[in-house]
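Participant: Below is the file query00.cif, which contains mmCIF, C-alpha atoms.
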```cif
data_model
loop_
_atom_site.label_atom_id
_atom_site.label_comp_id
_atom_site.auth_asym_id
_atom_site.auth_seq_id
_atom_site.Cartn_x
_atom_site.Cartn_y
_atom_site.Cartn_z
CA MET A 22 -20.73 46.88 67.15
CA ASP A 23 -21.40 50.14 68.92
CA ASN A 24 -19.71 52.01 66.15
CA GLU A 25 -21.85 50.43 63.51
CA GLN A 26 -25.02 51.53 65.25
CA THR A 27 -23.87 55.10 65.47
CA ILE A 28 -23.16 55.14 61.77
CA ASN A 29 -26.60 53.74 61.02
CA TYR A 30 -28.27 56.43 63.05
CA ALA A 31 -26.23 59.14 61.41
CA ILE A 32 -27.32 58.00 57.98
CA LYS A 33 -30.96 57.83 58.98
CA LEU A 34 -30.95 61.28 60.50
CA ASP A 35 -29.22 62.69 57.49
CA ILE A 36 -32.32 61.98 55.46
CA PHE A 37 -34.22 64.73 57.20
CA GLU A 38 -33.85 68.09 55.58
CA GLY A 39 -34.86 70.09 58.60
CA PRO A 40 -37.74 70.04 61.07
CA LEU A 41 -40.54 70.22 58.49
CA ASP A 42 -39.11 67.17 56.80
CA LEU A 43 -38.97 65.29 60.08
CA LEU A 44 -42.59 66.21 60.79
CA LEU A 45 -43.68 65.04 57.34
CA TYR A 46 -41.90 61.78 57.98
CA LEU A 47 -43.69 61.31 61.31
CA ILE A 48 -47.03 62.05 59.67
CA LYS A 49 -46.36 59.52 56.96
CA LYS A 50 -45.03 56.92 59.39
CA ASN A 51 -48.11 57.16 61.61
CA GLU A 52 -50.48 57.40 58.64
CA ILE A 53 -51.89 60.61 60.00
CA ASP A 54 -54.31 62.89 58.20
CA ILE A 55 -52.27 66.02 57.60
CA TYR A 56 -55.37 68.21 58.08
CA ASN A 57 -56.05 66.68 61.48
CA ILE A 58 -52.72 66.14 63.19
CA PRO A 59 -52.88 64.57 66.66
CA ILE A 60 -50.55 67.17 68.05
CA ALA A 61 -49.78 65.40 71.33
CA LEU A 62 -48.59 62.24 69.57
CA VAL A 63 -46.55 64.09 66.98
CA THR A 64 -44.97 66.37 69.58
CA GLU A 65 -44.00 63.39 71.69
CA GLN A 66 -42.40 61.55 68.78
CA TYR A 67 -40.71 64.69 67.54
CA LEU A 68 -39.12 65.28 70.94
CA GLN A 69 -37.98 61.66 71.02
CA TYR A 70 -36.12 62.22 67.79
CA LEU A 71 -34.50 65.34 69.18
CA LYS A 72 -33.36 63.36 72.22
CA MET A 73 -31.87 60.76 69.92
CA ILE A 74 -29.97 63.40 68.00
CA LYS A 75 -28.66 64.83 71.25
CA ALA A 76 -27.71 61.40 72.56
CA LEU A 77 -25.64 60.87 69.47
CA ASN A 78 -23.83 64.12 70.18
CA LEU A 79 -24.81 65.55 66.84
CA ASP A 80 -25.15 69.24 66.35
CA LEU A 81 -28.74 70.12 66.81
CA ALA A 82 -29.67 72.85 64.40
CA GLY A 83 -31.58 75.73 65.96
CA GLU A 84 -34.49 75.22 63.59
CA TYR A 85 -35.30 71.89 65.23
CA LEU A 86 -35.62 73.59 68.59
CA VAL A 87 -37.81 76.35 67.18
CA MET A 88 -40.12 73.71 65.76
CA ALA A 89 -40.17 71.86 69.09
CA SER A 90 -41.30 75.00 70.87
CA THR A 91 -43.89 75.68 68.18
CA LEU A 92 -45.31 72.18 68.64
CA ILE A 93 -45.46 72.55 72.39
CA HIS A 94 -47.08 75.94 72.01
CA ILE A 95 -49.75 74.53 69.72
CA LYS A 96 -50.30 71.63 72.09
CA SER A 97 -50.84 73.98 75.02
CA ARG A 98 -53.23 76.13 73.02
CA MET A 99 -55.26 73.07 72.11
CA LEU A 100 -55.51 72.10 75.75
CA LEU A 101 -57.13 75.39 76.67
CA PRO A 102 -60.88 75.11 77.06
CA VAL A 103 -62.79 76.73 74.23
CA PRO A 104 -65.30 79.30 75.54
CA GLU A 105 -68.85 78.15 74.88
CA GLU A 106 -69.82 81.30 73.10
CA PRO A 107 -66.64 82.42 71.47
CA GLU A 108 -66.49 86.16 70.93
CA GLU A 109 -64.55 85.68 67.77
CA GLU A 110 -64.07 82.51 65.87
CA GLU A 111 -60.59 81.35 66.64
CA GLU A 112 -58.42 79.71 64.04
CA ASP A 113 -57.27 76.17 64.65
CA PRO A 114 -53.83 76.56 66.30
CA ARG A 115 -52.53 73.95 63.87
CA ALA A 116 -53.60 75.83 60.73
CA GLU A 117 -50.35 77.71 60.15
CA LEU A 118 -48.28 74.57 60.66
CA VAL A 119 -50.49 72.57 58.29
CA ARG A 120 -50.15 75.28 55.66
CA GLN A 121 -46.36 75.19 56.04
CA LEU A 122 -46.27 71.39 55.87
CA LEU A 123 -48.43 71.32 52.76
CA GLU A 124 -46.28 73.89 51.02
CA HIS A 125 -43.13 72.03 51.97
CA LYS A 126 -44.62 68.78 50.73
CA THR A 127 -45.66 70.36 47.43
CA PHE A 128 -42.15 71.56 46.74
CA LYS A 129 -40.60 68.29 47.81
CA GLU A 130 -42.75 66.61 45.19
CA ALA A 131 -42.00 69.32 42.64
CA ALA A 132 -38.27 68.76 43.26
CA ALA A 133 -38.70 65.02 42.78
CA ASN A 134 -40.59 65.63 39.54
CA LEU A 135 -37.87 67.92 38.27
CA GLY A 136 -35.25 65.30 39.06
CA GLU A 137 -37.15 62.72 37.02
CA ARG A 138 -37.04 64.81 33.87
CA PRO A 139 -34.58 63.83 31.14
CA LEU A 140 -31.60 65.82 32.35
CA LEU A 141 -28.91 67.20 30.09
CA GLU A 142 -25.62 65.31 30.48
CA ARG A 143 -27.40 62.61 32.49
CA ASP A 144 -30.15 61.31 30.20
CA VAL A 145 -29.88 63.40 27.08
CA PHE A 146 -26.84 64.78 25.34
CA THR A 147 -26.27 67.44 22.74
CA ARG A 148 -23.77 67.68 19.96
CA SER A 149 -21.66 70.13 21.92
CA ALA A 150 -18.16 70.32 20.57
CA LEU A 151 -17.41 73.25 22.80
CA LEU A 152 -17.28 73.36 26.53
CA PRO A 153 -19.89 75.63 28.09
CA GLU A 154 -17.18 78.14 29.00
CA GLU A 155 -16.04 78.36 25.41
CA VAL A 156 -19.58 78.81 24.19
CA GLU A 157 -19.92 81.77 26.49
CA LYS A 158 -16.75 83.32 25.10
CA THR A 159 -17.88 83.01 21.51
CA ASN A 160 -21.22 84.50 22.39
CA THR A 161 -19.62 87.79 23.38
CA ASP A 162 -18.80 88.44 19.75
CA GLU A 163 -22.45 88.59 18.90
CA GLU A 164 -24.02 91.99 19.11
CA GLU A 165 -27.12 90.67 20.74
CA LEU A 166 -27.64 93.08 23.57
CA MET A 167 -29.30 92.56 26.87
CA GLU A 168 -30.02 95.11 29.50
CA ILE A 169 -27.78 94.71 32.51
CA SER A 170 -28.11 95.35 36.18
CA VAL A 171 -26.04 97.41 38.54
CA PHE A 172 -24.30 94.21 39.66
CA GLU A 173 -22.67 93.70 36.30
CA LEU A 174 -21.60 97.34 36.28
CA ILE A 175 -20.01 96.93 39.69
CA GLU A 176 -18.23 93.82 38.46
CA ALA A 177 -16.82 95.69 35.46
CA PHE A 178 -15.73 98.46 37.81
CA HIS A 179 -13.88 95.95 39.97
CA ARG A 180 -12.24 94.49 36.91
CA ILE A 181 -10.90 97.88 35.84
CA VAL A 182 -9.74 98.83 39.30
CA SER A 183 -7.87 95.56 39.61
CA GLN A 184 -6.20 96.11 36.24
CA ILE A 185 -4.78 99.56 36.92
CA ASP A 186 -1.21 100.04 37.84
CA LYS A 187 -0.76 99.89 41.59
CA LYS A 188 1.99 102.55 41.53
CA VAL A 189 -0.25 105.14 39.99
CA LEU A 190 -2.61 104.64 42.86
CA MET A 191 -0.02 105.97 45.27
CA GLU A 192 0.09 109.41 43.71
CA ILE A 193 -1.81 112.14 45.41
CA ASP A 194 -4.05 113.92 43.01
CA LEU A 195 -5.07 117.41 43.86
CA GLU A 196 -7.21 117.90 40.81
CA LYS A 197 -10.67 118.99 41.79
CA LEU A 198 -13.32 116.72 40.40
CA SER A 199 -17.00 117.31 40.32
CA LEU A 200 -19.67 114.77 39.56
CA THR A 201 -21.55 117.30 37.43
CA ASP A 202 -18.51 117.88 35.22
CA ILE A 203 -18.05 114.18 34.66
CA ILE A 204 -21.73 113.66 33.95
CA ASN A 205 -21.63 116.47 31.41
CA ASN A 206 -18.48 115.00 29.94
CA ILE A 207 -20.06 111.57 29.48
CA MET A 208 -23.16 113.06 27.89
CA GLU A 209 -21.00 115.14 25.56
CA GLN A 210 -19.02 112.09 24.48
CA LEU A 211 -22.22 110.14 23.96
CA SER A 212 -23.74 112.85 21.81
CA VAL A 213 -20.76 112.50 19.50
CA THR A 214 -20.24 108.73 19.42
CA LYS A 215 -23.76 107.45 20.25
CA SER A 216 -22.29 104.52 22.15
CA LEU A 217 -19.37 103.96 24.46
CA THR A 218 -18.08 100.89 26.15
CA PHE A 219 -17.77 101.00 29.87
CA GLU A 220 -14.07 100.24 29.52
CA ASP A 221 -13.51 103.09 27.02
CA LEU A 222 -14.95 105.55 29.44
CA LEU A 223 -12.65 104.61 32.25
CA LYS A 224 -9.43 103.95 30.40
CA GLY A 225 -6.87 106.69 30.43
CA LYS A 226 -8.26 107.93 33.69
CA LYS A 227 -6.01 105.97 35.86
CA ASP A 228 -6.41 107.37 39.32
CA ARG A 229 -8.83 105.79 41.66
CA ARG A 230 -10.77 108.94 42.45
CA ARG A 231 -11.52 109.59 38.80
CA ILE A 232 -12.58 106.00 38.28
CA ILE A 233 -14.90 106.18 41.25
CA TYR A 234 -16.34 109.51 40.12
CA THR A 235 -16.91 108.17 36.63
CA PHE A 236 -18.59 105.11 38.08
CA LEU A 237 -20.79 107.28 40.32
CA ALA A 238 -21.64 109.47 37.35
CA LEU A 239 -22.73 106.40 35.39
CA LEU A 240 -24.88 105.15 38.24
CA GLU A 241 -26.45 108.58 38.57
CA LEU A 242 -27.13 108.80 34.83
CA ILE A 243 -28.69 105.35 34.81
CA LYS A 244 -30.83 106.29 37.78
CA LEU A 245 -31.96 109.44 36.01
CA ARG A 246 -32.66 107.31 32.94
CA MET A 247 -30.42 109.53 30.84
CA ILE A 248 -28.36 106.56 29.61
CA LYS A 249 -28.82 102.84 29.24
CA ALA A 250 -26.24 100.15 29.79
CA TYR A 251 -26.29 96.96 27.75
CA GLN A 252 -24.15 93.86 27.64
CA THR A 253 -23.77 91.27 24.91
CA SER A 254 -23.56 88.38 27.35
CA VAL A 255 -22.62 87.55 30.88
CA PHE A 256 -19.15 89.05 31.53
CA GLY A 257 -19.33 90.63 28.09
CA VAL A 258 -18.43 94.17 27.13
CA ILE A 259 -20.76 96.74 28.66
CA ARG A 260 -21.97 99.39 26.27
CA ILE A 261 -23.54 102.69 27.20
CA PHE A 262 -26.14 104.38 25.04
CA PRO A 263 -28.01 107.64 25.47
CA ALA A 264 -31.51 106.76 26.63
CA VAL A 265 -33.11 109.19 24.23
CA GLU A 266 -31.74 109.77 20.76
CA SER A 267 -30.94 113.47 20.61
CA MET B 29 -37.20 77.64 -1.50
CA GLU B 30 -37.95 73.95 -1.77
CA ASN B 31 -35.80 72.44 0.90
CA ILE B 32 -36.23 74.80 3.83
CA LYS B 33 -36.57 71.72 5.98
CA ALA B 34 -33.02 70.70 5.13
CA VAL B 35 -31.72 74.21 5.73
CA ILE B 36 -33.40 74.43 9.12
CA GLU B 37 -32.13 70.99 10.07
CA ALA B 38 -28.59 72.05 9.16
CA LEU B 39 -28.89 75.32 11.05
CA ILE B 40 -30.00 73.59 14.23
CA PHE B 41 -27.29 70.98 13.86
CA ALA B 42 -24.57 73.61 13.43
CA SER B 43 -25.77 75.83 16.28
CA ASP B 44 -23.99 75.56 19.62
CA ALA B 45 -26.98 76.62 21.68
CA PRO B 46 -30.69 75.98 21.18
CA LEU B 47 -31.67 77.89 18.05
CA SER B 48 -34.72 80.12 18.40
CA LEU B 49 -37.52 80.37 15.88
CA GLU B 50 -36.85 84.11 15.66
CA LYS B 51 -33.25 83.52 14.67
CA ILE B 52 -34.23 81.00 12.00
CA CYS B 53 -36.71 83.58 10.69
CA ILE B 54 -33.94 86.20 10.48
CA ILE B 55 -31.64 83.82 8.60
CA LEU B 56 -34.40 82.64 6.27
CA SER B 57 -35.74 86.15 5.81
CA ASP B 58 -37.73 85.41 2.65
CA VAL B 59 -39.62 82.48 4.15
CA GLU B 60 -42.89 82.94 6.03
CA LYS B 61 -42.75 82.26 9.77
CA GLN B 62 -45.67 79.85 9.46
CA GLU B 63 -43.80 77.85 6.83
CA ILE B 64 -40.76 77.59 9.11
CA LYS B 65 -42.95 76.45 11.98
CA GLU B 66 -44.48 73.73 9.83
CA ALA B 67 -41.04 72.61 8.66
CA LEU B 68 -39.89 72.36 12.27
CA GLU B 69 -42.91 70.24 13.15
CA LYS B 70 -42.15 67.98 10.20
CA ILE B 71 -38.55 67.53 11.31
CA VAL B 72 -39.73 66.60 14.82
CA LEU B 73 -42.14 64.05 13.35
CA GLU B 74 -39.63 62.56 10.93
CA TYR B 75 -37.07 61.94 13.66
CA ASN B 76 -39.71 60.32 15.81
CA GLU B 77 -41.12 58.19 13.01
CA ARG B 78 -37.86 56.61 12.00
CA GLN B 79 -36.93 56.10 15.65
CA SER B 80 -33.72 57.95 15.24
CA GLY B 81 -31.13 58.04 18.00
CA ILE B 82 -31.57 61.78 18.22
CA TYR B 83 -34.68 63.91 18.44
CA LEU B 84 -35.51 67.57 18.04
CA GLN B 85 -36.36 69.15 21.38
CA GLU B 86 -37.80 72.58 21.98
CA VAL B 87 -35.77 73.83 24.91
CA ALA B 88 -34.87 77.17 26.53
CA GLY B 89 -36.71 79.12 23.86
CA GLY B 90 -35.06 77.33 20.93
CA PHE B 91 -34.62 74.04 19.11
CA GLN B 92 -31.84 71.56 19.73
CA PHE B 93 -31.02 68.02 18.68
CA ARG B 94 -30.57 65.72 21.65
CA THR B 95 -29.88 62.04 22.06
CA ARG B 96 -32.79 59.95 23.27
CA PRO B 97 -32.95 59.43 27.05
CA GLU B 98 -33.03 55.62 26.73
CA LEU B 99 -29.65 55.70 24.96
CA SER B 100 -27.86 57.41 27.82
CA PRO B 101 -25.97 54.27 29.02
CA TRP B 102 -24.03 54.16 25.74
CA ILE B 103 -23.41 57.90 25.55
CA LYS B 104 -22.09 57.86 29.09
CA LYS B 105 -19.50 55.26 28.10
CA LEU B 106 -18.42 57.55 25.29
CA LYS B 107 -18.24 60.72 27.31
CA SER B 108 -17.17 59.41 30.69
CA THR B 109 -18.69 62.52 32.23
CA LYS B 110 -20.06 62.68 35.69
CA PRO B 111 -23.81 63.18 35.67
CA HIS B 112 -25.33 66.29 37.15
CA SER B 113 -25.66 65.53 40.79
CA LEU B 114 -27.70 67.82 42.95
CA SER B 115 -28.29 67.05 46.61
CA PRO B 116 -31.91 66.79 47.78
CA ALA B 117 -31.44 70.14 49.51
CA ALA B 118 -30.23 71.74 46.28
CA MET B 119 -33.04 70.16 44.23
CA GLU B 120 -35.68 71.39 46.65
CA THR B 121 -34.19 74.87 46.77
CA LEU B 122 -34.02 74.92 42.98
CA ALA B 123 -37.65 73.82 42.69
CA ILE B 124 -38.76 76.59 45.05
CA VAL B 125 -36.78 79.21 43.11
CA ALA B 126 -38.10 77.87 39.80
CA TYR B 127 -41.75 77.94 40.80
CA LYS B 128 -41.80 81.02 43.00
CA GLN B 129 -39.30 83.31 41.31
CA PRO B 130 -38.51 86.11 41.80
CA ILE B 131 -37.87 85.06 45.38
CA VAL B 132 -35.62 86.09 48.28
CA LYS B 133 -33.68 83.78 50.58
CA SER B 134 -35.94 84.25 53.61
CA GLU B 135 -38.98 83.17 51.58
CA ILE B 136 -37.21 80.00 50.49
CA GLU B 137 -36.20 79.32 54.05
CA SER B 138 -39.73 79.70 55.35
CA ILE B 139 -40.81 76.96 52.92
CA ARG B 140 -37.90 74.64 53.55
CA GLY B 141 -37.73 75.31 57.28
CA VAL B 142 -33.92 75.35 57.21
CA ASP B 143 -31.07 77.60 56.19
CA VAL B 144 -30.54 77.56 52.41
CA GLY B 145 -27.27 79.50 52.17
CA ALA B 146 -25.19 76.52 51.06
CA PRO B 147 -27.58 75.10 48.44
CA LEU B 148 -28.15 78.60 47.02
CA LYS B 149 -24.43 79.11 46.60
CA GLY B 150 -24.06 75.72 44.94
CA LEU B 151 -26.86 76.52 42.51
CA LEU B 152 -25.33 79.91 41.71
CA ASP B 153 -21.95 78.24 41.06
CA LYS B 154 -23.61 75.73 38.74
CA LYS B 155 -25.29 78.70 37.01
CA LEU B 156 -28.73 77.16 37.46
CA ILE B 157 -29.95 80.22 39.31
CA ARG B 158 -28.90 83.85 39.17
CA ILE B 159 -29.29 87.07 41.09
CA VAL B 160 -31.97 89.12 39.42
CA GLY B 161 -31.87 92.13 41.71
CA ARG B 162 -32.55 93.36 45.18
CA LYS B 163 -35.89 93.69 46.87
CA ASP B 164 -36.85 97.18 47.95
CA VAL B 165 -37.43 96.32 51.60
CA PRO B 166 -35.21 96.89 54.65
CA GLY B 167 -31.92 95.06 54.23
CA LYS B 168 -32.33 94.99 50.44
CA PRO B 169 -32.31 91.18 50.22
CA ILE B 170 -31.07 89.56 47.02
CA ILE B 171 -33.73 88.28 44.64
CA TYR B 172 -33.08 84.97 42.86
CA GLY B 173 -34.38 83.52 39.62
CA THR B 174 -33.51 80.64 37.31
CA THR B 175 -31.21 80.87 34.28
CA ARG B 176 -31.37 79.78 30.66
CA LYS B 177 -29.04 76.98 31.60
CA PHE B 178 -31.66 75.74 34.03
CA LEU B 179 -34.13 75.38 31.15
CA GLU B 180 -31.50 73.63 29.02
CA VAL B 181 -30.48 71.19 31.75
CA PHE B 182 -34.05 70.33 32.72
CA ASN B 183 -35.29 69.98 29.15
CA LEU B 184 -37.81 72.81 29.49
CA LYS B 185 -39.21 74.95 26.69
CA ASP B 186 -39.76 77.87 29.04
CA LEU B 187 -40.84 78.43 32.63
CA LEU B 188 -44.48 77.73 31.77
CA ASP B 189 -43.31 74.28 30.73
CA LEU B 190 -42.55 73.41 34.37
CA PRO B 191 -44.56 70.37 35.42
CA ASN B 192 -47.51 70.75 37.79
CA LEU B 193 -47.30 74.50 37.72
CA ARG B 194 -51.08 74.71 37.68
CA GLU B 195 -51.41 72.75 40.91
CA LEU B 196 -48.93 75.04 42.60
CA LYS B 197 -50.74 78.09 41.31
CA GLU B 198 -53.98 76.73 42.72
CA LEU B 199 -52.28 76.25 46.05
CA ASN B 200 -51.11 79.86 45.93
CA GLN B 201 -54.57 81.07 45.00
CA GLN B 202 -56.14 79.14 47.86
CA GLN B 203 -53.64 80.73 50.16
CA GLU B 204 -54.45 84.16 48.79
CA ILE B 205 -58.16 83.55 49.24
CA VAL B 206 -57.59 82.49 52.83
CA GLU B 207 -55.42 85.55 53.42
CA GLN B 208 -58.05 87.76 51.83
CA GLU B 209 -60.75 86.29 54.03
CA ILE B 210 -58.64 86.98 57.06
CA VAL B 211 -58.12 90.58 55.95
CA GLU B 212 -61.84 90.98 55.25
CA LYS B 213 -62.68 89.49 58.59
CA THR B 214 -60.29 91.79 60.39
CA THR B 215 -61.68 94.86 58.65
CA GLU B 216 -65.17 93.70 59.60
CA ASP B 217 -64.08 93.21 63.18
CA ILE B 218 -62.59 96.67 63.22
CA SER B 219 -65.71 98.28 61.78
CA ASN B 220 -67.81 96.42 64.34
CA LEU B 221 -65.86 97.90 67.19
#
```
Starting from the file, give its structure as structure tokens.

Facilitator:
Amino acid sequence: MDNEQTINYAIKLDIFEGPLDLLLYLIKKNEIDIYNIPIALVTEQYLQYLKMIKALNLDLAGEYLVMASTLIHIKSRMLLPVPEEPEEEEEDPRAELVRQLLEHKTFKEAAANLGERPLLERDVFTRSALLPEEVEKTNTDEEELMEISVFELIEAFHRIVSQIDKKVLMEIDLEKLSLTDIINNIMEQLSVTKSLTFEDLLKGKKDRRRIIYTFLALLELIKLRMIKAYQTSVFGVIRIFPAVES
Amino acid sequence: MENIKAVIEALIFASDAPLSLEKICIILSDVEKQEIKEALEKIVLEYNERQSGIYLQEVAGGFQFRTRPELSPWIKKLKSTKPHSLSPAAMETLAIVAYKQPIVKSEIESIRGVDVGAPLKGLLDKKLIRIVGRKDVPGKPIIYGTTRKFLEVFNLKDLLDLPNLRELKELNQQQEIVEQEIVEKTTEDISNL
């Protein structure tokens, strides 16, 4: 019997997605005007809920405690006597909380609306013979280019580093490298071929230092807007073009 | 060309992803864009008129044939796929990202009032949201936005097609006005000093 009750409570409490949600529930339950919240009543009920959560030995998320202190703070501010001739018009202490609650409520409703739409693979279906993963693979063949971010570049860099032979990495390379040389080298290659893939540029240069220098050179060139990096699709081949046709 | 309608219908049918108007225009290079648009509208109408099991939907910037929502019980028996299930936390987080993008984690959390690390990760894994960059403020927080897949899954033409966007915008504007008033008031107060 005892067990059953505990389970019931757990399910009920699970409904609340954080303190704002709990407050919205209390407002709805008490049929309170959200613009005129009786802060004493709400604070009292809110704290009761927290006690219940504690009594059930559930982990009390920090956010709930922050909200509790906010409520108590607002309550104390509302208890302070208002000076008869206020020097400056003071904002209602509840205003910020009301704004937060309204915003939260708006998005809760927006989420519910989204969920009611005819969802793909739930309500509507397409004639998809291919799995989404396969579709992505075929898309890489298309030369439809999209500008990529540094994140994709870093990912490609990781891919190349993970592919290189581990043994080669052990060698100590005393060759002196300079970023300027590599930048010049890339620009020279680009002036000849007009476009290079990111992989092309790094292949054959198997030691880690050279890979890192090349990568740094690319980042520098992109920053200076000397080159542009494009990708055909997510995880596709990254191509580098000179930013200005020479 | 007399049967552009048939050609377009075939193109959309054979395409794996929603087929954009631009792409149809490239393929049918000698047909006017306006003519293609009209043909598309006709196809939409025809499928609706004869109450076909499929309909032409404008989604994620393209056109795609989809089965009618009311027929889903039968399709589900055929496919035996699990429906998309997003937790309330994930749905709410997704809605906030969709309407307020580009947005950083802390902004989402201030609206939801709770940590959103887990739902964000889930949405990233499902490829409904993506990282669009980093904000140029201390800590360089990651900026999130929705993906094409999001539009496809939620049957949306584009982001402007999101329901109730206007209401939300109004809410934002009101907030801005209030913030502006506060700023104005403060500057007044300062100048009065």

Participant: Near chain B, meaning an atom within 7 Å, which residues of chain A appear when counting all atoms listed in the file? Write them as a ChimeraX atom specification.

Facilitator: /A:38-41,84,121,124-125,128-129,131-132,138-147,149

Participant: Do you know which residues are at most 8 Å from Phe91 of chain B counting all atoms listed in the file, after dropping those on the same chain fewer than 3 positions away, and could you put them as an NGL selection string?

Facilitator: :B and (40 or 46-49 or 84-87)

Participant: Could you write out the selected residues, including C-alpha atoms, as an mmCIF file, in the coordinates of the input?

Facilitator:
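New file result-v4.cif:
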```
data_model
loop_
_atom_site.group_PDB
_atom_site.id
_atom_site.type_symbol
_atom_site.label_atom_id
_atom_site.label_comp_id
_atom_site.auth_asym_id
_atom_site.auth_seq_id
_atom_site.Cartn_x
_atom_site.Cartn_y
_atom_site.Cartn_z
ATOM 1 C CA ILE B 40 -30.000 73.590 14.230
ATOM 2 C CA PRO B 46 -30.690 75.980 21.180
ATOM 3 C CA LEU B 47 -31.670 77.890 18.050
ATOM 4 C CA SER B 48 -34.720 80.120 18.400
ATOM 5 C CA LEU B 49 -37.520 80.370 15.880
ATOM 6 C CA LEU B 84 -35.510 67.570 18.040
ATOM 7 C CA GLN B 85 -36.360 69.150 21.380
ATOM 8 C CA GLU B 86 -37.800 72.580 21.980
ATOM 9 C CA VAL B 87 -35.770 73.830 24.910
#
```

Participant: Could you list, as a PyMOL selection string, every residue within 7 Å of segment 56-71 of chain A, counting only C-alpha atoms and ignoring same-chain residues fewer than 5 positions away?

Facilitator: chain A and resi 47+89+92-93+96+119

Participant: Box for segment 70-86 of chain B - axis-aligned, 8 Å on each of the six sides, all listed atoms - centre and size in Å to one decimal, as AutoDock Vina command-line options.

Facilitator:
```
--center_x -36.6 --center_y 64.3 --center_z 16.1 --size_x 27.0 --size_y 32.5 --size_z 27.8
```

Participant: Could you jot down the atom CA of Lys51 of chain B to atom CA of Val35 of chain B separation for me, Å, one decimal place?

Facilitator: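 Taking atom CA of Lys51 of chain B as the start and atom CA of Val35 of chain B as the end point, the length is 13.0 Å.
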
Participant: Rounded to one decimal, what separation in Å do you get between atom CA of Arg231 of chain A and atom CA of Leu198 of chain A?

Facilitator: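 Computed distance, atom CA of Arg231 of chain A to atom CA of Leu198 of chain A, equals 7.5 Å.
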
Participant: Could you tell me, as a list of chain:residue names, exactly which residues end up selected when the PyMOL selection byres ((chain B and resi 169) around 12) is applied to this structure?

Facilitator: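 Answer for the PyMOL selection byres ((chain B and resi 169) around 12): B:Pro130, B:Ile131, B:Val132, B:Lys133, B:Ser134, B:Glu135, B:Ile159, B:Val160, B:Gly161, B:Arg162, B:Lys163, B:Asp164, B:Val165, B:Pro166, B:Gly167, B:Lys168, B:Ile170, B:Ile171, B:Tyr172.
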
Participant: Run the PyMOL selection byres ((chain A and resi 219-224) around 10) against the file shown and list the residues it catches, as a VMD selection string.

Facilitator: chain A and resid 174 177 to 178 180 to 182 185 207 210 216 to 218 225 to 228 231 to 236 239 250 to 252 258 to 261

Participant: For the selection you just gave me, I'd like the residues written to a file as a compact mmCIF listing (two decimals), keeping the file's coordinate frame, keeping C-alpha atoms.

Facilitator:
```txt
# COMPACT_ATOMS: atom_id res chain seq x y z
CA LEU A 174 -21.60 97.34 36.28
CA ALA A 177 -16.82 95.69 35.46
CA PHE A 178 -15.73 98.46 37.81
CA ARG A 180 -12.24 94.49 36.91
CA ILE A 181 -10.90 97.88 35.84
CA VAL A 182 -9.74 98.83 39.30
CA ILE A 185 -4.78 99.56 36.92
CA ILE A 207 -20.06 111.57 29.48
CA GLN A 210 -19.02 112.09 24.48
CA SER A 216 -22.29 104.52 22.15
CA LEU A 217 -19.37 103.96 24.46
CA THR A 218 -18.08 100.89 26.15
CA GLY A 225 -6.87 106.69 30.43
CA LYS A 226 -8.26 107.93 33.69
CA LYS A 227 -6.01 105.97 35.86
CA ASP A 228 -6.41 107.37 39.32
CA ARG A 231 -11.52 109.59 38.80
CA ILE A 232 -12.58 106.00 38.28
CA ILE A 233 -14.90 106.18 41.25
CA TYR A 234 -16.34 109.51 40.12
CA THR A 235 -16.91 108.17 36.63
CA PHE A 236 -18.59 105.11 38.08
CA LEU A 239 -22.73 106.40 35.39
CA ALA A 250 -26.24 100.15 29.79
CA TYR A 251 -26.29 96.96 27.75
CA GLN A 252 -24.15 93.86 27.64
CA VAL A 258 -18.43 94.17 27.13
CA ILE A 259 -20.76 96.74 28.66
CA ARG A 260 -21.97 99.39 26.27
CA ILE A 261 -23.54 102.69 27.20
```

Participant: Quick one, how far is atom CA of Pro147 of chain B from atom CA of Leu86 of chain A?

Facilitator: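 We find that atom CA of Pro147 of chain B and atom CA of Leu86 of chain A lie 21.7 Å from each other.
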
Participant: Suppose a student applies the PyMOL selection byres ((chain B and resi 63) around 12) to this structure; what residues should they get, written as an mmCIF file with C-alpha atoms, in the frame of the given file?

Facilitator:
```
data_model
loop_
_atom_site.group_PDB
_atom_site.id
_atom_site.type_symbol
_atom_site.label_atom_id
_atom_site.label_comp_id
_atom_site.auth_asym_id
_atom_site.auth_seq_id
_atom_site.Cartn_x
_atom_site.Cartn_y
_atom_site.Cartn_z
ATOM 1 C CA MET B 29 -37.200 77.640 -1.500
ATOM 2 C CA GLU B 30 -37.950 73.950 -1.770
ATOM 3 C CA ASN B 31 -35.800 72.440 0.900
ATOM 4 C CA ILE B 32 -36.230 74.800 3.830
ATOM 5 C CA LYS B 33 -36.570 71.720 5.980
ATOM 6 C CA ILE B 36 -33.400 74.430 9.120
ATOM 7 C CA LEU B 49 -37.520 80.370 15.880
ATOM 8 C CA ILE B 52 -34.230 81.000 12.000
ATOM 9 C CA CYS B 53 -36.710 83.580 10.690
ATOM 10 C CA LEU B 56 -34.400 82.640 6.270
ATOM 11 C CA SER B 57 -35.740 86.150 5.810
ATOM 12 C CA ASP B 58 -37.730 85.410 2.650
ATOM 13 C CA VAL B 59 -39.620 82.480 4.150
ATOM 14 C CA GLU B 60 -42.890 82.940 6.030
ATOM 15 C CA LYS B 61 -42.750 82.260 9.770
ATOM 16 C CA GLN B 62 -45.670 79.850 9.460
ATOM 17 C CA ILE B 64 -40.760 77.590 9.110
ATOM 18 C CA LYS B 65 -42.950 76.450 11.980
ATOM 19 C CA GLU B 66 -44.480 73.730 9.830
ATOM 20 C CA ALA B 67 -41.040 72.610 8.660
ATOM 21 C CA LEU B 68 -39.890 72.360 12.270
ATOM 22 C CA GLU B 69 -42.910 70.240 13.150
ATOM 23 C CA LYS B 70 -42.150 67.980 10.200
#
```
